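Just below is one structure, and these are the notes that go with it.
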Amino acid sequence: MTYEYFERSRREDEDLRQASDYVERDVLAFPTWPHEMIRNLALTSFFLGLMFFISAAVPPHIPGPANANSTPAVILPDWYLYWSFGLLKLPPLNPELTLLGGEKLVSDRVFGVVANLVVVGVIATVPFLNKGSARRPVEEPFWAAIGVGGVVFAFTIAVLSVKNLVAETFPLGPHELFDLTFFLPLVSVFLAYAVLKTMREGYMFELNRRYYRLRPPK
Amino acid sequence: MSLERPDEHDHDAWMERKELSPIEEVYLTVLIWLDRRLRLVDYLELLEDMYYKTNLQMPKSHTEQYDLDNKFWYWYPLYALGSFSTIAYVVASISGALLGFYYAPSTQAVGGETLRSVAYSNVLFIMGDLNFGLFLRSLHRWSAQVMTAAVFLHMLRVYFTGAYKEPRELNWIIGIVLISLTMVFGYTGYLLPWSQLSYWAGQIGVEMALSIPLIGDWVAQLIFGGFTLGEATLQRMYILHVFVLPFVVTGLIAVHIGIVWMQGIAEPH
């Protein structure tokens with residue numbers, strides 16, 4: 001009886017819902033809850049334990065108190081800002097326009113700050129440049145290669161930012177280091193592109209083979 | 001017979017048609033009375049829902065459905081990086097709130113001829129004398145480092161699996177704002193102990209701000225409270241770190257995750 005009433009009640013709701021213009025849609029994606037969350041639970045526990053362990057095992061060091069009168073030999077931000085710090089050291093690339101009689105359009109310091117904004121801006125526009133449904137790196141060797149180049153550049157520019165330290169450890173002059181900063185990413189772009197192009201052949205072969213196994217030609 | 005359609009939801013007429021015993025009638029009347037007011041049926045639906053959720057097999061994921069597991073298992077740990085950065089953020093905020101009890105953002109010298117400011121000596125107190133203080137600061141610092149690292153790697157994962165594409169462009173941009181704010185979080189936090197490194201990192205920050213054309217002076221005034229570092233700088237960094245950024249970043253993270261929830265996680269197809 002209860003259920004009979006609830007059936008009616010529910011039908012009432014159902015009718016109201018149909019009368020309204022609210023649309024429930026299916027989304028073609030992997031559900032966050034519960035699939036992803038449950039999978040993450042195990043990883044989370046492990047990860048929390050790891051963080052507690054590291055902080056217990058490797059406590060931080062604190063340098064001396066601030067002193068405006070003694071500049072330390074090495075000034076560095078935290079590691080995650082090295083790339084930005086490295087971009088500040090790019091003024092050698094600042095074009096000297098012959099039209100302006102060898103004068104620079106923007107000062108070196110402005111150039112360094114603008115370089116930061118350009119990098120962030122380019123990353124922000126990626127979804128509007130790269131369209132289509134392709135998802136895997138093999139499907140888009142070009143964009144994957146650009147990505148690899150970006151990662152390598154982030155690393156080399158970070159190394160450039162600590163060039164004082166590098167010069168002490170490796171037999172690299174400042175010019176060689178500066179050239180490597182731009183050369184290595186280029187090399188890795190070409191390498192990644194070549195590798196992915198080659199993999200693409202095999203990948204297409206696999207796809208075709210699977211296709212023809214499922215639907216053998218008559 | 002009338003031409004009017006019978007009212008489907010006229011429960012009283014329905015009860016009269018049914019020839020109920022008195023007990024049944026009382027029961028149903030009470031049930032309808034309560035349901036009219038409290039919408040019990042919704043909770044019943046909730047219970048049923050829970051029952052089916054716990055007793056039925058979960059629907060197959062895209063990966064299972066198309067048997068892609070053999071191809072994509074190696075992506076899965078990378079799909080947890082977003083969660084990792086969120087967890088690290090939670091740990092950092094809890095340990096940061098605890099650290100806040102013992103820290104004051106002041107560059108006043110602590111008597112004598114020492115260079116030590118109040119802020120610096122507070123950090124020394126936390127590290128040296130406070131019970132579990134060293135661990136607390138260590139945890140705060142490490143969780144911040146881990147959060148930043150996880151956020152960077154998360155961005156790489158999103159890039160290389162093409163997860164920023166079509167319906168998810170907005171979330172990519174919110175992500176870029178978040179990664180920038182995370183680094184601002186790190187930077188402001190780096191300045192708080194007012195140690196030698198903090199001071200000179202701050203110096204670089206002021207010079208960067210001053211390098212911005214046209215509005216450079218104004219930006220330096222706004223963020224660093226002047227062109228030279230001092231009390232105002234530290235206080236501004238402190239307020240940014242413990243008041244402004246937490247609200248902004250927490251809100252943005254909520255929106256970011258909310259959008260992921262709505263759109264689902266993009267798997268490589």
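Convention: chains lettered A, B, ... in structure tokens order; per-chain residue numbering from 1; ligands numbered from 1 as shown.
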
Non-local contacts of A:Leu117 (12 Å; only C-alpha atoms; under 5 positions in same chain excluded) as a PyMOL selection string:
(chain A and resi 84+87-88+110-112+122-124) or (chain B and resi 176+180+212)

Using only C-alpha atoms, select each residue of chain A with any atom at most 7 Å away from an atom of chain B, and give the selection as a VMD selection string.
chain A and resid 6 12 27 29 to 32 40 44 51 to 52 55 to 56 59 to 60 63 to 67 75 to 77 109 to 110 113 124 127 131 135 to 137 144

Skip B:Val118 itself and residues of its chain fewer than 6 positions away, then list as a short mmCIF file (atom, residue, chain, number, x, y, z; two decimals) with C-alpha atoms, in the first residue's frame all residues within 6 Å of it, counting only C-alpha atoms.
```
data_model
loop_
_atom_site.label_atom_id
_atom_site.label_comp_id
_atom_site.auth_asym_id
_atom_site.auth_seq_id
_atom_site.Cartn_x
_atom_site.Cartn_y
_atom_site.Cartn_z
CA SER B 106 56.92 42.28 11.99
CA THR B 107 60.38 43.45 10.95
CA GLN B 108 60.98 45.18 14.30
CA VAL B 110 64.26 42.02 18.77
#
```

Separating atom CA of A:Phe182 from atom CA of A:Lys163, to the nearest tenth of an Å, is a gap of 14.4 Å

DSSP-assigned strand (DSSP E or B) members of stretch 7-194 of chain A, reported as a PyMOL selection string
chain A and resi 30+65+96-97+103-104

Quote the spacing between atom CA of B:Leu78 and atom CA of B:His154 in Å to one decimal place.
7.2 Å

Could you tell me which of A:Ile146, A:Leu184, A:Val189, A:Val74 comes closest to A:Leu165 if we count only C-alpha atoms?
A:Val74

Enumerate the residues of stretch 8-244 of chain B with a DSSP assignment of helix (DSSP H, G or I), computed from the backbone, and present them as a ChimeraX atom specification.
/B:11-17,22-38,40-55,62-65,69-100,118-128,133-160,166-191,196-211,216-224,231-244

Name all residues at most 9 Å from stretch 200-212 of chain A (count only C-alpha atoms; drop same-chain ones fewer than 3 positions away) and give them as a PDB file with N, CA and C atoms, in the first residue's frame.
```
ATOM      1  N   VAL A 138      50.420  10.069 -29.868  1.00  0.00           N
ATOM      2  CA  VAL A 138      50.722   9.489 -31.185  1.00  0.00           C
ATOM      3  C   VAL A 138      49.834  10.036 -32.271  1.00  0.00           C
ATOM      4  N   GLU A 139      48.616  10.434 -31.875  1.00  0.00           N
ATOM      5  CA  GLU A 139      47.697  10.928 -32.893  1.00  0.00           C
ATOM      6  C   GLU A 139      48.077  12.324 -33.369  1.00  0.00           C
ATOM      7  N   GLU A 140      48.787  13.043 -32.522  1.00  0.00           N
ATOM      8  CA  GLU A 140      49.169  14.407 -32.866  1.00  0.00           C
ATOM      9  C   GLU A 140      50.648  14.637 -32.563  1.00  0.00           C
ATOM     10  N   PRO A 141      51.518  14.072 -33.382  1.00  0.00           N
ATOM     11  CA  PRO A 141      52.955  14.190 -33.094  1.00  0.00           C
ATOM     12  C   PRO A 141      53.395  15.652 -32.977  1.00  0.00           C
ATOM     13  N   VAL A 195      60.191  10.398 -33.240  1.00  0.00           N
ATOM     14  CA  VAL A 195      59.802   9.188 -32.522  1.00  0.00           C
ATOM     15  C   VAL A 195      58.303   8.945 -32.641  1.00  0.00           C
ATOM     16  N   LEU A 196      57.516  10.004 -32.421  1.00  0.00           N
ATOM     17  CA  LEU A 196      56.063   9.820 -32.454  1.00  0.00           C
ATOM     18  C   LEU A 196      55.574   9.497 -33.854  1.00  0.00           C
ATOM     19  N   LYS A 197      56.201  10.103 -34.864  1.00  0.00           N
ATOM     20  CA  LYS A 197      55.830   9.789 -36.247  1.00  0.00           C
ATOM     21  C   LYS A 197      56.058   8.316 -36.530  1.00  0.00           C
ATOM     22  N   ARG A 215      36.305  -7.074 -38.540  1.00  0.00           N
ATOM     23  CA  ARG A 215      35.488  -7.069 -39.760  1.00  0.00           C
ATOM     24  C   ARG A 215      36.353  -7.546 -40.930  1.00  0.00           C
ATOM     25  N   PRO A 216      36.500  -8.864 -41.061  1.00  0.00           N
ATOM     26  CA  PRO A 216      37.392  -9.359 -42.126  1.00  0.00           C
ATOM     27  C   PRO A 216      36.860  -8.984 -43.503  1.00  0.00           C
ATOM     28  N   PRO A 217      37.732  -8.596 -44.412  1.00  0.00           N
ATOM     29  CA  PRO A 217      37.286  -8.220 -45.752  1.00  0.00           C
ATOM     30  C   PRO A 217      36.654  -9.424 -46.440  1.00  0.00           C
TER      31      PRO A 217
END
```

Find the residues near A:Phe190: any atom within 10 Å, counting only C-alpha atoms, skip ones fewer than 3 places away on the same chain, and give them as a PyMOL selection string.
chain A and resi 142+145-146+148-149+185-187+193-196

With N, CA and C atoms retained, export the selected residues as a short mmCIF file (atom, residue, chain, number, x, y, z; two decimals), in the first residue's frame.
```cif
data_model
loop_
_atom_site.label_atom_id
_atom_site.label_comp_id
_atom_site.auth_asym_id
_atom_site.auth_seq_id
_atom_site.Cartn_x
_atom_site.Cartn_y
_atom_site.Cartn_z
N PHE A 142 52.78 16.54 -33.77
CA PHE A 142 53.20 17.93 -33.75
C PHE A 142 53.00 18.56 -32.38
N ALA A 145 55.12 17.08 -29.71
CA ALA A 145 56.51 17.55 -29.82
C ALA A 145 56.64 18.96 -29.25
N ILE A 146 55.65 19.81 -29.53
CA ILE A 146 55.65 21.16 -28.96
C ILE A 146 55.67 21.09 -27.44
N VAL A 148 56.74 18.59 -25.53
CA VAL A 148 58.06 18.12 -25.06
C VAL A 148 59.05 19.28 -25.10
N GLY A 149 59.02 20.05 -26.21
CA GLY A 149 59.91 21.21 -26.31
C GLY A 149 59.67 22.18 -25.17
N PRO A 185 65.91 22.45 -26.38
CA PRO A 185 64.47 22.28 -26.64
C PRO A 185 64.19 21.99 -28.11
N LEU A 186 64.89 22.69 -29.02
CA LEU A 186 64.67 22.46 -30.45
C LEU A 186 64.97 21.02 -30.82
N VAL A 187 66.13 20.56 -30.33
CA VAL A 187 66.53 19.17 -30.61
C VAL A 187 65.46 18.21 -30.12
N TYR A 193 59.17 14.52 -32.29
CA TYR A 193 58.36 14.44 -33.50
C TYR A 193 58.70 13.19 -34.30
N ALA A 194 60.01 12.94 -34.46
CA ALA A 194 60.45 11.78 -35.22
C ALA A 194 59.98 10.49 -34.55
N VAL A 195 60.19 10.40 -33.24
CA VAL A 195 59.80 9.19 -32.52
C VAL A 195 58.30 8.94 -32.64
N LEU A 196 57.52 10.00 -32.42
CA LEU A 196 56.06 9.82 -32.45
C LEU A 196 55.57 9.50 -33.85
#
```

As a short mmCIF file (atom, residue, chain, number, x, y, z; two decimals) with N, CA, C and O atoms, in the first residue's frame, please: the residues near stretch 238-245 of chain B (cut-off 9 Å, only C-alpha atoms, same-chain neighbours under 5 positions excluded).
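This is the output file result.cif:
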```cif
data_model
loop_
_atom_site.label_atom_id
_atom_site.label_comp_id
_atom_site.auth_asym_id
_atom_site.auth_seq_id
_atom_site.Cartn_x
_atom_site.Cartn_y
_atom_site.Cartn_z
N GLY B 96 49.38 25.42 8.12
CA GLY B 96 49.59 26.86 8.08
C GLY B 96 48.76 27.57 9.13
O GLY B 96 49.24 28.50 9.80
N ALA B 97 47.51 27.11 9.31
CA ALA B 97 46.67 27.73 10.34
C ALA B 97 47.29 27.54 11.71
O ALA B 97 47.29 28.45 12.55
N GLY B 100 50.18 29.81 12.14
CA GLY B 100 49.74 31.19 12.31
C GLY B 100 49.61 31.61 13.76
O GLY B 100 49.74 32.79 14.10
N ALA B 104 54.17 36.36 13.93
CA ALA B 104 53.70 37.74 13.76
C ALA B 104 54.53 38.40 12.68
O ALA B 104 55.76 38.32 12.71
N PRO B 105 53.90 39.04 11.69
CA PRO B 105 54.66 39.62 10.58
C PRO B 105 55.22 40.98 10.93
O PRO B 105 54.64 42.00 10.58
N LEU B 181 48.59 31.45 -9.27
CA LEU B 181 48.32 31.83 -7.88
C LEU B 181 49.07 30.92 -6.91
O LEU B 181 49.50 31.37 -5.85
N THR B 182 49.23 29.65 -7.29
CA THR B 182 50.00 28.74 -6.44
C THR B 182 51.43 29.25 -6.28
O THR B 182 52.00 29.24 -5.19
N VAL B 184 52.37 32.38 -6.65
CA VAL B 184 52.31 33.58 -5.82
C VAL B 184 52.22 33.18 -4.35
O VAL B 184 52.88 33.77 -3.48
N PHE B 185 51.42 32.15 -4.07
CA PHE B 185 51.33 31.60 -2.71
C PHE B 185 52.71 31.23 -2.20
O PHE B 185 53.11 31.60 -1.08
N GLY B 186 53.43 30.49 -3.03
CA GLY B 186 54.77 30.06 -2.64
C GLY B 186 55.69 31.24 -2.41
O GLY B 186 56.43 31.29 -1.42
N TYR B 187 55.62 32.21 -3.31
CA TYR B 187 56.50 33.37 -3.22
C TYR B 187 56.22 34.17 -1.95
O TYR B 187 57.14 34.50 -1.19
N THR B 188 54.92 34.45 -1.68
CA THR B 188 54.60 35.23 -0.48
C THR B 188 55.03 34.47 0.78
O THR B 188 55.49 35.07 1.74
N GLY B 189 54.85 33.14 0.73
CA GLY B 189 55.25 32.34 1.89
C GLY B 189 56.76 32.34 2.09
O GLY B 189 57.25 32.37 3.22
N LEU B 191 58.73 34.68 1.59
CA LEU B 191 59.18 35.94 2.16
C LEU B 191 58.91 36.04 3.67
O LEU B 191 59.56 36.83 4.35
N LEU B 192 57.97 35.24 4.17
CA LEU B 192 57.51 35.45 5.54
C LEU B 192 58.57 35.28 6.63
O LEU B 192 58.57 36.03 7.59
N ILE B 223 51.58 46.02 -4.09
CA ILE B 223 51.90 44.66 -3.64
C ILE B 223 52.99 44.67 -2.57
O ILE B 223 52.93 43.93 -1.60
N THR B 233 56.08 45.81 3.49
CA THR B 233 56.20 44.67 2.57
C THR B 233 55.80 43.38 3.26
O THR B 233 54.97 42.62 2.75
N THR B 250 40.99 28.85 -2.80
CA THR B 250 40.01 27.83 -2.41
C THR B 250 38.78 27.92 -3.29
O THR B 250 38.26 26.91 -3.78
#
```
